[in-house]
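See below for the structure under consideration.
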Amino acid sequence: MKSKQASVLVPFVILVILSTIGFAQYGTQQGKALRINQREITVRLNEKPLILHSKEEGWAELPALATTPDYIYVAYDVREGYESHLYLARVARKGGKVEKIQIDHNGDVEFGPSICVRGDGVWVVWTSYRDGKWTIRASRIDGMIVVREVAISDSDSFSSQVRLASARGLLAFTWVGVRDKEFAIKALFMKDSGIDTLTIYRSSRLAMRPDLCALEDGWVFVWDEFINGNYATRMRKLKDGALSSVVTLSGERSGNNWEPHLASDGKEFLVSWHRVPHGEERTQPALTLANTIKLQGGIDRPSDDETWRVRAFSASDSSFWIVWATRRMYRSTRLFLKKVDRDGLSDIITVDFPMPKNFINWFDLELAKPAIIAWEYSGTIYLGDFDLPRVRTKPVSEPGEEMVSVREMPKRVNYTINYNGEPLKVYFGDHHNHTSFSDGRAYPDMVMMFARYRRGLDFICVTDHDVTLTPGEFAWTRELARTLTDKGEFVCLHGYEPSKGWAQHNYGHWNMLYFDGGDVFQYQEGMTPHDLQAYAKAHDAVLIPHHVAKKFAPYAWDFFDEAAQPVVEMCSVHGVFEMYEGHENDPSMVEGKFIQDGLARGYRFGFVGASDYHNCFSSLLDEVGLTGAYVTSLSLGGLHEAYKKRRTFALTGGRIVVDFRCNGHLMGEEIQSRDDLNFRAYASSPDTIKTVEIMSWGEAIYKKDYNKPEVEFNYKIPRSGSETYYYLRVRTAKGDFAWSSPIWVTPSNK
């Protein structure tokens, strides 16, 4: 859930000045503006925003907002080294004084916070992780002093983010607990007389991201659930201690729907969520009001940019609003609002922020007069306000059940060989993906489930950046990978990407894949890749150099270690790294850093491909890097053996099968020979195979055009007088490539 690659665009001098101005000055009405452009209404902040926390104090994120007539409260998470702390800032409406306190004690904050105001003070809740134990924690703050702390330990193996609401003197929390492949939506109700817990829903299907709100006669709970290969938005009500039937709010044929958010005025409620229609990759906001689903569906957006947060809010006048941001990688984003009622929707209101290239990552709103917004950008927490114009809603046509085309999932490949008395079967996977725990857009469970049910992969790994991961986030992803692994059918590896600290010293990036135990090995000043390689070998992990010739983080071949790095990435979303030839005019590539350069040094390593996806939905339309692996069994152990023995081949996307042998030995092996070399090659593809080549020292020693989906041939050459490597390269008519791992041949006179 953290995006930390962009840089702060407010100079430090301005940051210091703004921090001393106070809320009263920034909240004046000077400089506010309103303009109407066709059907889009744009408002600007009522002055420069107040900086509550700068990234120089520690990387901040996840602001949660609550207000009283006298104060504005913002709770947020701060990364300090490998720990995560929780802070609360209080801004006086009169005078603008800013006060801050740290709420947690030991840096165990993982998911949170959620905040609300009750008669006895401000309550903040979060999920903590320490020493393998998950705990739901809550603190009551009165006068900026923590006066009460509550810790709810759950027997579940791991827990999700917790959400908080308050009504009629009750505090209510909801979260997901996971144990033994069962997902349970939990609720806790706290009052002065004690604490009551309740299981709202239990399922063997994946259920995540719950939210709740209060009504006059009870409570409403919503969550994601993965049903029949799609994420659906689900709802259940609690009234007089009794639970209603579960209702599915999203249409089963409307695509994937996730991350619901609730707003209530006590009588009515609004549910919003993300939606990706089948066959598309860009998310849309969607909603339903109370029990009326006529507004369900995609909400018109002003552009095709990725929808980045979708939230529901109830304003101080009891009106309802749906709010979302859009995201185009790390460039300029905007915030959008629409008023919602039973009659329909208003025109779009756009909030224009003062900083150029502003990236609204996480935000929270209080829609009052004026509307108050807290948001995070590049590790800095900002606070601002703006005036909502008066708008009218207009009727919308009822969308009904959408009839959409669903992109066919790639067909499973069935290719098995008998090698040295054991069967080896080909499986396809992607070991490099990012999520909202770093600079990705989806959540870890979505990456894993989409890999299986939409991409048709056999194995997957989430590899978020080391600089963003806390111990709990890494542990949560690891436990989720174990939960979603279905041995023999689908395997989730766990790992991470060693990146920022290493790249800053020109060492490059890697993917660290664990098949048993292992943690995030953080870079410390003075380390070299040998330290990382030693850690990988100590945990029997696989360390994979990534985008080796990319200018922003080229790989340092001087530090290569075959034992720790049995394979190297051939291709990803960043391009193909086989050889410099073809990249002469590409300023993003560095000469001397390619695969062929590593092989020319005498290093022995296999080839793999991986996507480096930051948006798992884009993979529904196009694949940009995969690995094929020959395994004895589809399991962690089977994949570990395949990677270690270099029984892998790299693919740009198409499910091409490659079987390459020399004198009966399979790809990845090292052999000795005193006789001629007999190559046997086989390749099959869902696309027409255009060209097949046998490569050695950067040259094709065999090349032939075929123009058919399946190719098999034998080729014989005299052995070389020195050690030589050979690998197979396949190109299809559509432009997909596949590369077998090399076979190394050493001449022998025996």
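Here, A, B, ... name the chains of the structure tokens in the order displayed, residue numbers run from 1 inside each chain, and ligands are numbered from 1 in the same displayed order.
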Residues near Leu86 (chain A), anyone? I mean within 12 Å using only C-alpha atoms, not counting same-chain ones fewer than 4 positions away, as a short mmCIF file (atom, residue, chain, number, x, y, z; two decimals) with C-alpha atoms, in the first residue's frame.
data_model
loop_
_atom_site.label_atom_id
_atom_site.label_comp_id
_atom_site.auth_asym_id
_atom_site.auth_seq_id
_atom_site.Cartn_x
_atom_site.Cartn_y
_atom_site.Cartn_z
CA GLY A 58 10.05 9.60 8.38
CA TRP A 59 7.93 8.37 5.48
CA ALA A 60 4.26 9.08 6.31
CA GLU A 61 1.12 7.65 4.74
CA LEU A 62 -2.47 6.49 5.33
CA PRO A 63 -3.97 9.69 6.77
CA ALA A 64 -7.30 9.24 8.57
CA VAL A 74 -5.32 13.43 11.48
CA ALA A 75 -3.88 10.02 12.35
CA TYR A 76 -1.20 8.59 10.09
CA ASP A 77 1.42 5.88 9.80
CA VAL A 78 5.13 6.78 9.72
CA ARG A 79 7.92 4.52 8.50
CA GLU A 80 11.08 4.90 10.56
CA LYS A 100 1.50 15.83 17.52
CA ILE A 101 1.88 12.70 19.62
CA GLN A 102 3.03 9.15 18.96
CA ILE A 103 0.35 6.62 19.85
CA ASP A 104 2.08 3.24 19.55
CA HIS A 105 4.95 2.13 21.76
CA ASN A 106 7.10 -0.36 19.88
CA GLY A 107 6.92 0.26 16.15
CA ASP A 108 4.56 -2.62 15.40
CA VAL A 109 2.03 -0.70 13.28
CA GLU A 110 1.15 -2.61 10.12
CA PHE A 111 -2.33 -1.74 8.86
CA GLY A 112 -4.15 1.41 9.82
CA PRO A 113 -5.18 3.68 11.15
CA SER A 114 -8.92 4.27 11.37
CA ILE A 115 -10.22 7.16 13.48
CA VAL A 124 -7.72 5.39 16.82
CA VAL A 125 -7.46 1.71 15.85
CA TRP A 126 -4.87 -0.24 13.87
CA THR A 127 -3.52 -3.73 13.26
CA SER A 128 -0.15 -4.58 14.77
CA ARG A 137 -5.16 -2.29 18.97
CA ALA A 138 -7.16 0.79 19.95
CA SER A 139 -6.27 3.94 21.87
#
Find the spatial neighbours of Glu641 (chain A), counting only C-alpha atoms, within a cut-off of 12 Å - ignore same-chain residues fewer than 2 positions away - and output them as a list in words.
->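 My reading of the contact set: Leu424, Phe515, Asp540, Ala541, Val542, Pro566, Ala629, Tyr630, Val631, Thr632, Ser633, Leu634, Ser635, Leu636, Gly637, Gly638, Leu639, Tyr643, Lys644, Lys645, Arg646, Arg647, Thr648 and Gly668 of chain A.
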Of the candidates A:Tyr507, A:Phe183, A:Phe617, A:Trp134, which shows the shortest atom-to-atom distance to Phe450 (chain A), using only C-alpha atoms?
-> A:Phe617
Run DSSP on the backbone and grab whatever in region 174-367 of chain A lands in strand (DSSP E or B); send it over as a PyMOL selection string.
-> chain A and resi 174-179+182-191+194-203+207-215+218-227+230-239+242-243+247-248+256-264+269-276+284-289+292+306-314+320-327+335-341+344-345+348-352+362-366
Go through A:His505, A:Lys369, A:Lys716, A:Arg118 one by one, measure the shortest atom-to-atom distance of each to Gly526 (chain A) using only C-alpha atoms, and give the residue with the smallest value.
->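 Ranked by minimum distance to Gly526 (chain A), first place goes to A:His505.
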Contact check, region 565-639 of chain A to region 698-714 of chain A, at most 12 Å, counting only C-alpha atoms, closest pairs as a tab-separated table:
residue	atom	partner	partner_atom	distance
A:Glu578	CA	A:Gly698	CA	8.8
A:Met579	CA	A:Gly698	CA	7.5
A:Tyr580	CA	A:Gly698	CA	10.0
A:Glu581	CA	A:Gly698	CA	9.4
A:Phe594	CA	A:Gly698	CA	11.0
A:Ile595	CA	A:Gly698	CA	9.7
A:Gln596	CA	A:Gly698	CA	6.5
A:Asp597	CA	A:Gly698	CA	9.3
A:Gly598	CA	A:Gly698	CA	11.4
A:Leu599	CA	A:Gly698	CA	9.4
A:Ala600	CA	A:Gly698	CA	9.0
Output C-alpha atoms of each residue in that selection to a file, as a PDB file, in the first residue's frame.
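Saved file selection-v9.pdb follows:
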ATOM      1  CA  GLU A 578      19.699 -10.568 -24.296  1.00  0.00           C
ATOM      2  CA  MET A 579      22.286  -8.393 -26.072  1.00  0.00           C
ATOM      3  CA  TYR A 580      23.164  -4.790 -26.816  1.00  0.00           C
ATOM      4  CA  GLU A 581      22.513  -5.325 -30.533  1.00  0.00           C
ATOM      5  CA  PHE A 594      23.365  -7.431 -21.008  1.00  0.00           C
ATOM      6  CA  ILE A 595      22.917 -11.193 -20.641  1.00  0.00           C
ATOM      7  CA  GLN A 596      25.531 -11.819 -23.326  1.00  0.00           C
ATOM      8  CA  ASP A 597      28.001  -9.688 -21.357  1.00  0.00           C
ATOM      9  CA  GLY A 598      27.500 -11.852 -18.277  1.00  0.00           C
ATOM     10  CA  LEU A 599      27.922 -15.047 -20.293  1.00  0.00           C
ATOM     11  CA  ALA A 600      31.053 -13.628 -21.929  1.00  0.00           C
TER      12      ALA A 600
END
Residues of region 303-469 of chain A in alpha helix (DSSP H) according to DSSP, as a list in words?
->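 Alpha helix (DSSP H) members of region 303-469 of chain A, listed: Pro444, Asp445, Met446, Val447, Met448, Met449, Phe450, Ala451, Arg452 and Tyr453 of chain A.
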Taking only residues of region 135-247 of chain A that have an atom at most 10 Å from an atom of region 483-487 of chain A, what is each one's shortest atom pair and its distance in Å to one decimal, using only C-alpha atoms, in chain and number order, as CSV?
residue,atom,partner,partner_atom,distance
A:Val178,CA,A:Thr483,CA,8.5
A:Arg179,CA,A:Thr483,CA,8.3
A:Asp180,CA,A:Thr483,CA,7.3
A:Lys181,CA,A:Thr483,CA,5.3
A:Glu182,CA,A:Thr483,CA,8.6
A:Phe183,CA,A:Thr483,CA,9.9
A:Arg205,CA,A:Leu484,CA,9.9
A:Leu206,CA,A:Leu484,CA,8.5
Mind writing the picked residues with N, CA and C atoms as an mmCIF file, in the first residue's frame?
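See out06.cif below for the written result:
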data_model
loop_
_atom_site.group_PDB
_atom_site.id
_atom_site.type_symbol
_atom_site.label_atom_id
_atom_site.label_comp_id
_atom_site.auth_asym_id
_atom_site.auth_seq_id
_atom_site.Cartn_x
_atom_site.Cartn_y
_atom_site.Cartn_z
ATOM 1 N N VAL A 178 -7.723 -14.795 9.343
ATOM 2 C CA VAL A 178 -7.526 -15.924 8.439
ATOM 3 C C VAL A 178 -6.828 -17.045 9.183
ATOM 4 N N ARG A 179 -7.402 -18.219 9.103
ATOM 5 C CA ARG A 179 -6.774 -19.405 9.701
ATOM 6 C C ARG A 179 -7.232 -20.640 8.939
ATOM 7 N N ASP A 180 -6.242 -21.508 8.627
ATOM 8 C CA ASP A 180 -6.534 -22.789 7.982
ATOM 9 C C ASP A 180 -7.388 -22.613 6.729
ATOM 10 N N LYS A 181 -6.996 -21.631 5.902
ATOM 11 C CA LYS A 181 -7.657 -21.372 4.622
ATOM 12 C C LYS A 181 -9.112 -20.946 4.770
ATOM 13 N N GLU A 182 -9.474 -20.459 5.940
ATOM 14 C CA GLU A 182 -10.821 -19.923 6.153
ATOM 15 C C GLU A 182 -10.720 -18.435 6.462
ATOM 16 N N PHE A 183 -11.610 -17.659 5.854
ATOM 17 C CA PHE A 183 -11.630 -16.208 6.012
ATOM 18 C C PHE A 183 -12.860 -15.829 6.830
ATOM 19 N N ARG A 205 -13.991 -19.286 0.763
ATOM 20 C CA ARG A 205 -13.565 -18.412 -0.333
ATOM 21 C C ARG A 205 -12.858 -17.195 0.237
ATOM 22 N N LEU A 206 -11.977 -16.617 -0.577
ATOM 23 C CA LEU A 206 -11.233 -15.455 -0.134
ATOM 24 C C LEU A 206 -12.177 -14.281 0.100
#
Near region 236-245 of chain A, within 12 Å and counting only C-alpha atoms, which residues show up once chain neighbours fewer than 5 positions away are dropped, as a ChimeraX atom specification?
-> /A:172,185,187,189,196-202,210-224,269,290-291
Sorted per-residue table, region 464-527 of chain A near region 531-535 of chain A, closest atoms and distance, 9 Å, only C-alpha atoms, as a tab-separated table:
residue	atom	partner	partner_atom	distance
A:Pro498	CA	A:Leu532	CA	8.7
A:Gly518	CA	A:Tyr535	CA	8.8
A:Phe521	CA	A:Leu532	CA	7.2
A:Gln522	CA	A:Leu532	CA	8.8
A:Tyr523	CA	A:Leu532	CA	8.3
A:Met527	CA	A:Asp531	CA	6.3
Mind writing the picked residues with C-alpha atoms as a PDB file, in the first residue's frame?
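Now in part-v7.pdb:
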ATOM      1  CA  PRO A 498      16.051  -5.745  -3.041  1.00  0.00           C
ATOM      2  CA  GLY A 518      13.495 -15.898   4.997  1.00  0.00           C
ATOM      3  CA  PHE A 521      17.316  -8.347   4.197  1.00  0.00           C
ATOM      4  CA  GLN A 522      17.620  -4.568   4.410  1.00  0.00           C
ATOM      5  CA  TYR A 523      20.535  -2.722   2.878  1.00  0.00           C
ATOM      6  CA  MET A 527      27.201  -3.567   2.295  1.00  0.00           C
TER       7      MET A 527
END
Which neighbours of Val271 (chain A) fall inside 7 Å, counting only C-alpha atoms, when residues of the same chain fewer than 3 positions from it are skipped, and could you give them as a list in words?
->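 Skipping anything fewer than 3 positions along the chain leaves Pro260, His261, Leu262, Ala263, Leu287, Thr288, Leu289 and Ala312 of chain A.
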Could you turn the residues from that selection into a file that holds N, CA and C atoms, as a PDB file, in the first residue's frame?
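Writing the result to selection-v4.pdb gives the following:
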ATOM      1  N   PRO A 260     -14.814  -2.118  -1.076  1.00  0.00           N
ATOM      2  CA  PRO A 260     -15.996  -1.293  -0.801  1.00  0.00           C
ATOM      3  C   PRO A 260     -15.754  -0.326   0.350  1.00  0.00           C
ATOM      4  N   HIS A 261     -16.468   0.785   0.311  1.00  0.00           N
ATOM      5  CA  HIS A 261     -16.376   1.802   1.349  1.00  0.00           C
ATOM      6  C   HIS A 261     -17.771   2.307   1.642  1.00  0.00           C
ATOM      7  N   LEU A 262     -18.070   2.533   2.916  1.00  0.00           N
ATOM      8  CA  LEU A 262     -19.424   2.878   3.359  1.00  0.00           C
ATOM      9  C   LEU A 262     -19.499   4.289   3.910  1.00  0.00           C
ATOM     10  N   ALA A 263     -20.641   4.915   3.692  1.00  0.00           N
ATOM     11  CA  ALA A 263     -20.978   6.186   4.332  1.00  0.00           C
ATOM     12  C   ALA A 263     -22.435   6.121   4.749  1.00  0.00           C
ATOM     13  N   LEU A 287     -21.103   2.243  -7.455  1.00  0.00           N
ATOM     14  CA  LEU A 287     -21.779   2.508  -6.187  1.00  0.00           C
ATOM     15  C   LEU A 287     -23.178   1.936  -6.193  1.00  0.00           C
ATOM     16  N   THR A 288     -23.757   1.869  -5.002  1.00  0.00           N
ATOM     17  CA  THR A 288     -25.179   1.612  -4.846  1.00  0.00           C
ATOM     18  C   THR A 288     -25.659   2.402  -3.648  1.00  0.00           C
ATOM     19  N   LEU A 289     -26.858   2.922  -3.695  1.00  0.00           N
ATOM     20  CA  LEU A 289     -27.418   3.713  -2.613  1.00  0.00           C
ATOM     21  C   LEU A 289     -28.468   2.889  -1.896  1.00  0.00           C
ATOM     22  N   ALA A 312     -16.787   6.607  -0.275  1.00  0.00           N
ATOM     23  CA  ALA A 312     -18.134   7.144  -0.090  1.00  0.00           C
ATOM     24  C   ALA A 312     -18.136   8.037   1.140  1.00  0.00           C
TER      25      ALA A 312
END
Show me a table, sorted first by chain and then by increasing residue number, of the residues of region 610-725 of chain A having an atom at most 12 Å from region 463-481 of chain A, each with its shortest atom pair and the distance in Å to one decimal, counting only C-alpha atoms and written as JSON lines.
{"residue": "A:Ala610", "atom": "CA", "partner": "A:Thr463", "partner_atom": "CA", "distance": 11.0}
{"residue": "A:Ser611", "atom": "CA", "partner": "A:Thr463", "partner_atom": "CA", "distance": 11.1}
{"residue": "A:Asp612", "atom": "CA", "partner": "A:Thr463", "partner_atom": "CA", "distance": 8.7}
{"residue": "A:Tyr613", "atom": "CA", "partner": "A:Thr463", "partner_atom": "CA", "distance": 10.1}
{"residue": "A:His614", "atom": "CA", "partner": "A:Asp464", "partner_atom": "CA", "distance": 9.6}
{"residue": "A:Leu636", "atom": "CA", "partner": "A:Ala481", "partner_atom": "CA", "distance": 11.1}
Just to be explicit: take each residue in the selection above, keep C-alpha atoms, and write the result as a CSV table (one decimal), in the first residue's frame.
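Listed below is the output, part19.csv:
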chain,number,residue,atom,x,y,z
A,610,ALA,CA,9.0,-11.9,-15.3
A,611,SER,CA,6.5,-9.2,-15.8
A,612,ASP,CA,7.4,-6.6,-13.0
A,613,TYR,CA,3.7,-5.7,-13.2
A,614,HIS,CA,2.5,-2.8,-11.0
A,636,LEU,CA,7.5,-25.1,-3.6
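Nearest-residue note for Ser673 (chain A): choosing from A:Asn749, A:Arg441, A:Thr688, A:Asp317, the minimum distance belongs to A:Asn749, counting only C-alpha atoms.
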